[in-house]
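Peer 1: Following this line is final-v9.pdb, made up of PDB, C-alpha atoms:
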ATOM      1  CA  MET A1069      49.928 160.685-248.945  1.00  0.00           C
ATOM      2  CA  GLN A1070      49.116 164.377-248.501  1.00  0.00           C
ATOM      3  CA  SER A1071      50.606 165.157-251.914  1.00  0.00           C
ATOM      4  CA  LEU A1072      48.503 162.463-253.619  1.00  0.00           C
ATOM      5  CA  PHE A1073      45.285 163.324-251.816  1.00  0.00           C
ATOM      6  CA  PRO A1074      45.419 166.893-250.505  1.00  0.00           C
ATOM      7  CA  THR A1075      42.039 166.433-248.778  1.00  0.00           C
ATOM      8  CA  ARG A1076      40.179 163.466-247.336  1.00  0.00           C
ATOM      9  CA  SER A1077      37.147 164.487-249.331  1.00  0.00           C
ATOM     10  CA  LEU A1078      39.067 163.979-252.575  1.00  0.00           C
ATOM     11  CA  MET A1079      40.034 160.490-251.422  1.00  0.00           C
ATOM     12  CA  VAL A1080      36.382 159.715-250.571  1.00  0.00           C
ATOM     13  CA  PHE A1081      35.185 161.051-253.933  1.00  0.00           C
ATOM     14  CA  LEU A1082      37.684 158.906-255.840  1.00  0.00           C
ATOM     15  CA  LEU A1083      36.985 155.842-253.703  1.00  0.00           C
ATOM     16  CA  ILE A1084      33.276 156.113-254.522  1.00  0.00           C
ATOM     17  CA  GLY A1085      34.169 156.370-258.207  1.00  0.00           C
ATOM     18  CA  VAL A1086      36.463 153.333-258.134  1.00  0.00           C
ATOM     19  CA  VAL A1087      33.932 151.210-256.226  1.00  0.00           C
ATOM     20  CA  ASP A1088      31.240 152.243-258.718  1.00  0.00           C
ATOM     21  CA  LEU A1089      33.535 151.363-261.627  1.00  0.00           C
ATOM     22  CA  ILE A1090      34.301 147.879-260.288  1.00  0.00           C
ATOM     23  CA  VAL A1091      30.757 147.033-259.182  1.00  0.00           C
ATOM     24  CA  THR A1092      29.244 148.266-262.439  1.00  0.00           C
ATOM     25  CA  ALA A1093      31.700 146.341-264.618  1.00  0.00           C
ATOM     26  CA  VAL A1094      31.310 143.091-262.655  1.00  0.00           C
ATOM     27  CA  LEU A1095      27.517 143.201-262.431  1.00  0.00           C
ATOM     28  CA  HIS A1096      27.189 144.163-266.103  1.00  0.00           C
ATOM     29  CA  ALA A1097      29.495 141.317-267.152  1.00  0.00           C
ATOM     30  CA  LYS A1098      27.242 138.903-265.245  1.00  0.00           C
ATOM     31  CA  GLY A1099      24.164 140.347-266.954  1.00  0.00           C
ATOM     32  CA  LEU A1100      22.670 141.579-263.695  1.00  0.00           C
ATOM     33  CA  ILE A1101      22.456 145.286-264.574  1.00  0.00           C
ATOM     34  CA  VAL A1102      22.311 147.700-267.460  1.00  0.00           C
ATOM     35  CA  GLU A1103      24.213 150.974-267.445  1.00  0.00           C
ATOM     36  CA  LEU A1104      21.715 153.813-267.095  1.00  0.00           C
ATOM     37  CA  ASN A1105      24.237 156.600-267.679  1.00  0.00           C
ATOM     38  CA  PRO A1106      23.789 157.326-271.392  1.00  0.00           C
ATOM     39  CA  LEU A1107      27.352 158.627-271.708  1.00  0.00           C
ATOM     40  CA  MET A1108      28.935 155.480-270.271  1.00  0.00           C
ATOM     41  CA  ARG A1109      26.418 153.015-271.736  1.00  0.00           C
ATOM     42  CA  VAL A1110      28.061 153.339-275.152  1.00  0.00           C
ATOM     43  CA  PHE A1111      31.361 152.078-273.765  1.00  0.00           C
ATOM     44  CA  ILE A1112      30.129 149.293-271.501  1.00  0.00           C
ATOM     45  CA  GLU A1113      27.966 147.812-274.262  1.00  0.00           C
ATOM     46  CA  ARG A1114      31.088 147.388-276.384  1.00  0.00           C
ATOM     47  CA  SER A1115      33.269 146.015-273.585  1.00  0.00           C
ATOM     48  CA  GLU A1116      33.496 146.138-269.806  1.00  0.00           C
ATOM     49  CA  TRP A1117      37.246 146.700-270.222  1.00  0.00           C
ATOM     50  CA  LEU A1118      36.633 149.705-272.464  1.00  0.00           C
ATOM     51  CA  PHE A1119      34.181 151.026-269.877  1.00  0.00           C
ATOM     52  CA  CYS A1120      36.817 150.607-267.140  1.00  0.00           C
ATOM     53  CA  LEU A1121      39.412 152.398-269.251  1.00  0.00           C
ATOM     54  CA  VAL A1122      37.153 155.367-270.035  1.00  0.00           C
ATOM     55  CA  LYS A1123      35.670 155.647-266.541  1.00  0.00           C
ATOM     56  CA  GLY A1124      39.112 155.235-264.990  1.00  0.00           C
ATOM     57  CA  ALA A1125      40.461 157.981-267.248  1.00  0.00           C
ATOM     58  CA  THR A1126      37.709 160.350-266.114  1.00  0.00           C
ATOM     59  CA  LEU A1127      38.530 159.613-262.477  1.00  0.00           C
ATOM     60  CA  VAL A1128      42.255 160.123-263.053  1.00  0.00           C
ATOM     61  CA  GLY A1129      41.540 163.362-264.915  1.00  0.00           C
ATOM     62  CA  ALA A1130      39.376 164.653-262.080  1.00  0.00           C
ATOM     63  CA  TRP A1131      42.008 163.641-259.527  1.00  0.00           C
ATOM     64  CA  LEU A1132      44.820 165.367-261.438  1.00  0.00           C
ATOM     65  CA  ALA A1133      42.811 168.559-261.906  1.00  0.00           C
ATOM     66  CA  MET A1134      41.726 168.749-258.265  1.00  0.00           C
ATOM     67  CA  ARG A1135      45.176 167.827-256.973  1.00  0.00           C
ATOM     68  CA  TRP A1136      46.683 170.607-259.093  1.00  0.00           C
ATOM     69  CA  TYR A1137      44.059 173.168-258.069  1.00  0.00           C
ATOM     70  CA  ALA A1138      44.401 172.273-254.385  1.00  0.00           C
ATOM     71  CA  LYS A1139      47.765 174.066-254.458  1.00  0.00           C
ATOM     72  CA  LYS A1140      45.881 177.288-255.244  1.00  0.00           C
ATOM     73  CA  ASP A1141      42.687 176.823-253.205  1.00  0.00           C
ATOM     74  CA  ILE A1142      42.501 173.718-251.034  1.00  0.00           C
ATOM     75  CA  ARG A1143      39.238 174.810-249.388  1.00  0.00           C
ATOM     76  CA  PHE A1144      37.511 174.921-252.783  1.00  0.00           C
ATOM     77  CA  VAL A1145      38.800 171.443-253.676  1.00  0.00           C
ATOM     78  CA  ASN A1146      37.636 170.144-250.304  1.00  0.00           C
ATOM     79  CA  ARG A1147      34.123 171.534-250.803  1.00  0.00           C
ATOM     80  CA  LEU A1148      33.963 170.457-254.442  1.00  0.00           C
ATOM     81  CA  SER A1149      34.999 166.911-253.535  1.00  0.00           C
ATOM     82  CA  TRP A1150      32.312 166.636-250.841  1.00  0.00           C
ATOM     83  CA  VAL A1151      29.670 168.042-253.188  1.00  0.00           C
ATOM     84  CA  GLY A1152      30.857 165.648-255.896  1.00  0.00           C
ATOM     85  CA  ALA A1153      30.763 162.669-253.532  1.00  0.00           C
ATOM     86  CA  VAL A1154      27.243 163.471-252.325  1.00  0.00           C
ATOM     87  CA  ALA A1155      26.022 164.107-255.882  1.00  0.00           C
ATOM     88  CA  TYR A1156      27.643 160.863-257.077  1.00  0.00           C
ATOM     89  CA  LEU A1157      25.876 158.857-254.373  1.00  0.00           C
ATOM     90  CA  ALA A1158      22.550 160.628-254.955  1.00  0.00           C
ATOM     91  CA  ILE A1159      22.634 160.027-258.713  1.00  0.00           C
ATOM     92  CA  TRP A1160      23.767 156.423-258.266  1.00  0.00           C
ATOM     93  CA  THR A1161      20.974 155.799-255.741  1.00  0.00           C
ATOM     94  CA  ALA A1162      18.334 157.393-257.983  1.00  0.00           C
ATOM     95  CA  TRP A1163      19.450 155.333-260.986  1.00  0.00           C
ATOM     96  CA  PHE A1164      19.588 152.180-258.861  1.00  0.00           C
ATOM     97  CA  ILE A1165      16.016 152.722-257.646  1.00  0.00           C
ATOM     98  CA  HIS A1166      14.835 153.632-261.152  1.00  0.00           C
ATOM     99  CA  GLY A1167      16.514 150.539-262.618  1.00  0.00           C
ATOM    100  CA  SER A1168      15.059 148.303-259.908  1.00  0.00           C
ATOM    101  CA  MET A1169      11.559 149.601-260.568  1.00  0.00           C
ATOM    102  CA  GLN A1170      11.868 148.825-264.283  1.00  0.00           C
ATOM    103  CA  THR A1171      12.561 145.147-263.612  1.00  0.00           C
ATOM    104  CA  VAL A1172       9.481 144.709-261.398  1.00  0.00           C
TER     105      VAL A1172
END
Since I need it in another form, could you write the structure as structure tokens?
Peer 2:
Amino acid sequence: MQSLFPTRSLMVFLLIGVVDLIVTAVLHAKGLIVELNPLMRVFIERSEWLFCLVKGATLVGAWLAMRWYAKKDIRFVNRLSWVGAVAYLAIWTAWFIHGSMQTV
């Protein structure tokens, strides 16, 4: 497991990304949300499966890059993963609140 996820923070970061991917795709398919991220909106409006493929590829790419770089500087990857996880949650929360206010 250590070779797949050199730090717990990387595992947390990727878990947040996977949960976001699944929740977004399911809720969008049911018509309950719109994607506020302008980069990902293009994909999800064509197909939830395309969205999952593209978003999944970005997560895999980030994981591969950080896993590789952890061999050189594991402390940097640890910090970067925590910063990424916090930023991910902050952006998601802000967009969720913004989206909720638009429907009121």
Peer 1: Under the PyMOL selection byres ((chain A and resi 1080) around 12), which residues of this model are included? Write them out as a ChimeraX atom specification.
Peer 2: /A:1073-1079,1081-1087,1131,1146,1148-1154,1156-1157
Peer 1: Any idea what the distance is between CA of Phe1119 in chain A and CA of Gly1099 in chain A?
Peer 2: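 Going from CA of Phe1119 in chain A over to CA of Gly1099 in chain A covers 14.9 Å.
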Peer 1: So how far away is CA of Lys1123 in chain A from CA of Leu1089 in chain A, in Å?
Peer 2: 6.9 Å
Peer 1: Report, in Å to a single decimal, how far apart CA of Ala1133 in chain A and CA of Met1108 in chain A are.
Peer 2: 20.8 Å
Peer 1: Which is closer to Leu1095 in chain A than all the others in A:Phe1111, A:Glu1116, A:Ala1162, A:Ala1125, using only C-alpha atoms?
Peer 2: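 Of the candidates, the smallest distance to Leu1095 in chain A is held by A:Glu1116.
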Peer 1: Using all atoms listed in the file, which residues sit within 10 Å of Leu1132 in chain A once same-chain residues fewer than 6 positions away are excluded, as number ranges by chain?
Peer 2: A: 1072-1073, 1126, 1138
Peer 1: Point out the residue among A:Leu1118, A:Val1145, A:Leu1100, A:Ile1165 with the least atom-to-atom distance to Ala1130 in chain A, counting all atoms listed in the file.
Peer 2: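 Answer, going by the shortest atom-to-atom distance: A:Val1145.
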Peer 1: Starting from the PyMOL selection byres ((chain A and resi 1102) around 9), expand the selection into actual residues of this file and give them as a list in words.
Peer 2: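 So the PyMOL selection byres ((chain A and resi 1102) around 9), applied here, picks out Thr1092, Leu1095, His1096, Gly1099, Leu1100, Ile1101, Glu1103, Leu1104, Arg1109, Ile1112, Glu1113 and Gly1167 of chain A.
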